[in-house]
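Peer 1: Below are the structure tokens for one structure; questions will follow.
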Amino acid sequence: MDIVVKGRKTEVPERFRKHVAEKLKLDKIQKFDGKVMSLDVEVSKELNPRQADRAARVEITLRSRGPVIRAEAAAGDPYAALDLATDKLDARLRKEHDKRYSRRGNGRLSAAAVGEVVPDAASFNGDGELVGAQTPPPVPVTKAGSLDVQGDGPLVVREKTHVAAPMTLDQALYEMELVGHDFYLFVDSETKEPSVVYRRHAYDYGVIHLRTDPLAAD
């Protein structure tokens, strides 16, 4: 497995790429998760001079057979941002590792195990029926300044697609904390409907459930 380092609206010098390889020890990561499939490091730069102390942002994304683990940080230079992001990644890897081993032998499946037993478990068609993964048709892309316009618009600055297994609300909250985001989209294991958990004030959380409207479908 190789570490992929890329820049978003900025050039990544070879010196920094070597520093990433030295900082992110693959053997150490694989001790926590031996099924790692890819490790991506994305560097971006904030051009606003008022945010000089947070001008460099580094996002690390680790994909394996388990949940996606993401850590990001911002600092005055990319090396400091990488150090902060690496510390966050280590903490989340330890948390997932400890949770996985503490649950061994209790007969329950983790979200990762469900995904292996039921492939494409979270893929549904418009009628709510389970279907396999399909390759979407290519969309024409044109340039509008520094942005890519997909089709006739609106402007799509960034798009990501994730494969997910149905999970409980408690598991969704845990996954949200694991990736360090303020919201998490998941498929409810009870209703089989898409839902979103999000962080509110202090330590409160909220949840939004989407329910298919049969009248709208007709």
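Numbering starts fresh at 1 for the residues of each chain in the structure tokens, the chains themselves are lettered A, B, ... in the order given, and ligands are numbered from 1 as they appear.
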Find the residues near A:His209: any atom within 8 Å, counting only C-alpha atoms, skip ones fewer than 5 places away on the same chain, and give them as JSON, numbers by chain.
Peer 2: {"A": [193, 194, 195, 196]}
Peer 1: Write out as a PDB file with N, CA and C atoms, in the first residue's frame the residues lying within 12 Å of A:Leu47, counting only C-alpha atoms and excluding same-chain residues fewer than 3 positions away.
Peer 2:
ATOM      1  N   LYS A   9      -5.286  23.072  -5.214  1.00  0.00           N
ATOM      2  CA  LYS A   9      -4.996  24.483  -5.498  1.00  0.00           C
ATOM      3  C   LYS A   9      -3.641  24.911  -4.933  1.00  0.00           C
ATOM      4  N   THR A  10      -2.720  23.964  -4.828  1.00  0.00           N
ATOM      5  CA  THR A  10      -1.367  24.270  -4.368  1.00  0.00           C
ATOM      6  C   THR A  10      -0.423  23.165  -4.819  1.00  0.00           C
ATOM      7  N   SER A  44      -4.043  21.645   1.200  1.00  0.00           N
ATOM      8  CA  SER A  44      -4.666  22.809   0.583  1.00  0.00           C
ATOM      9  C   SER A  44      -4.162  24.066   1.264  1.00  0.00           C
ATOM     10  N   ARG A  50      -5.788  37.148   6.315  1.00  0.00           N
ATOM     11  CA  ARG A  50      -6.260  37.250   7.690  1.00  0.00           C
ATOM     12  C   ARG A  50      -6.215  35.906   8.409  1.00  0.00           C
ATOM     13  N   GLN A  51      -6.084  34.824   7.650  1.00  0.00           N
ATOM     14  CA  GLN A  51      -6.026  33.491   8.245  1.00  0.00           C
ATOM     15  C   GLN A  51      -4.649  32.872   8.046  1.00  0.00           C
ATOM     16  N   ALA A  52      -3.629  33.702   8.176  1.00  0.00           N
ATOM     17  CA  ALA A  52      -2.253  33.218   7.943  1.00  0.00           C
ATOM     18  C   ALA A  52      -1.866  32.126   8.925  1.00  0.00           C
ATOM     19  N   ASP A  53      -2.398  32.195  10.156  1.00  0.00           N
ATOM     20  CA  ASP A  53      -2.051  31.179  11.149  1.00  0.00           C
ATOM     21  C   ASP A  53      -2.731  29.843  10.884  1.00  0.00           C
ATOM     22  N   ARG A  54      -3.672  29.822   9.922  1.00  0.00           N
ATOM     23  CA  ARG A  54      -4.346  28.586   9.523  1.00  0.00           C
ATOM     24  C   ARG A  54      -4.311  28.433   8.009  1.00  0.00           C
ATOM     25  N   ALA A  55      -3.249  28.945   7.393  1.00  0.00           N
ATOM     26  CA  ALA A  55      -3.182  28.984   5.932  1.00  0.00           C
ATOM     27  C   ALA A  55      -3.028  27.601   5.319  1.00  0.00           C
ATOM     28  N   ALA A  56      -2.367  26.689   6.011  1.00  0.00           N
ATOM     29  CA  ALA A  56      -2.125  25.342   5.480  1.00  0.00           C
ATOM     30  C   ALA A  56      -3.077  24.349   6.142  1.00  0.00           C
ATOM     31  N   ARG A  57      -3.753  23.562   5.323  1.00  0.00           N
ATOM     32  CA  ARG A  57      -4.666  22.534   5.833  1.00  0.00           C
ATOM     33  C   ARG A  57      -4.268  21.171   5.270  1.00  0.00           C
ATOM     34  N   GLY A  76      -0.059  27.208  10.499  1.00  0.00           N
ATOM     35  CA  GLY A  76       0.614  28.214   9.695  1.00  0.00           C
ATOM     36  C   GLY A  76       1.419  27.653   8.539  1.00  0.00           C
TER      37      GLY A  76
END
Peer 1: Could you tell me how far atom CA of A:Ile69 lies from atom CA of A:Arg94, in Å and to one decimal?
Peer 2: 11.1 Å
Peer 1: Out of A:Ala164, A:Asn48, A:Ala73, A:Tyr79, which residue has the shortest atom-to-atom distance to A:Lys18 when counting only C-alpha atoms?
Peer 2: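 Going through A:Ala164, A:Asn48, A:Ala73, A:Tyr79 one by one, the smallest distance to A:Lys18 is for A:Tyr79.
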Peer 1: Based on the backbone DSSP call, show me all residues of stretch 60-92 of chain A assigned strand (DSSP E or B), as a PyMOL selection string.
Peer 2: chain A and resi 60-64+69-75
Peer 1: Write to file, as a compact mmCIF listing (two decimals), in the first residue's frame, the residues of the selection just made, with N, CA and C atoms.
Peer 2:
# COMPACT_ATOMS: atom_id res chain seq x y z
N ILE A 60 -6.09 13.83 6.16
CA ILE A 60 -5.64 12.44 5.99
C ILE A 60 -6.88 11.54 5.98
N THR A 61 -6.99 10.71 4.96
CA THR A 61 -8.13 9.80 4.83
C THR A 61 -7.62 8.37 4.74
N LEU A 62 -8.04 7.54 5.68
CA LEU A 62 -7.64 6.13 5.71
C LEU A 62 -8.86 5.27 5.41
N ARG A 63 -8.75 4.44 4.39
CA ARG A 63 -9.84 3.55 4.00
C ARG A 63 -9.41 2.11 4.20
N SER A 64 -10.30 1.32 4.81
CA SER A 64 -10.04 -0.10 5.02
C SER A 64 -11.37 -0.81 4.91
N ILE A 69 -11.67 6.44 8.30
CA ILE A 69 -11.14 7.27 9.37
C ILE A 69 -10.47 8.49 8.75
N ARG A 70 -10.93 9.66 9.15
CA ARG A 70 -10.41 10.89 8.57
C ARG A 70 -9.95 11.83 9.68
N ALA A 71 -8.84 12.52 9.42
CA ALA A 71 -8.32 13.49 10.38
C ALA A 71 -7.80 14.68 9.60
N GLU A 72 -8.16 15.88 10.03
CA GLU A 72 -7.68 17.07 9.36
C GLU A 72 -7.30 18.13 10.38
N ALA A 73 -6.38 19.01 9.97
CA ALA A 73 -5.92 20.08 10.86
C ALA A 73 -5.38 21.22 10.01
N ALA A 74 -5.37 22.41 10.60
CA ALA A 74 -4.85 23.59 9.93
C ALA A 74 -3.83 24.27 10.82
N ALA A 75 -2.81 24.85 10.19
CA ALA A 75 -1.75 25.54 10.93
C ALA A 75 -1.09 26.55 10.00
Peer 1: Any idea what's packed within 9 Å of A:Met167, counting only C-alpha atoms, ignoring anything in its chain fewer than 3 positions away? Could you give it as a list in words?
Peer 2: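 Non-adjacent residues within range: Ala111, Val114, Ala164, Asp170, Gln171, Ala172, Phe186, Val187, Asp188, Ser189 and Glu190 of chain A.
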Peer 1: Hey, which of A:Arg8, A:Asp182, A:Leu89, A:Glu96 ends up closest to A:Asp204? Count only C-alpha atoms.
Peer 2: A:Asp182
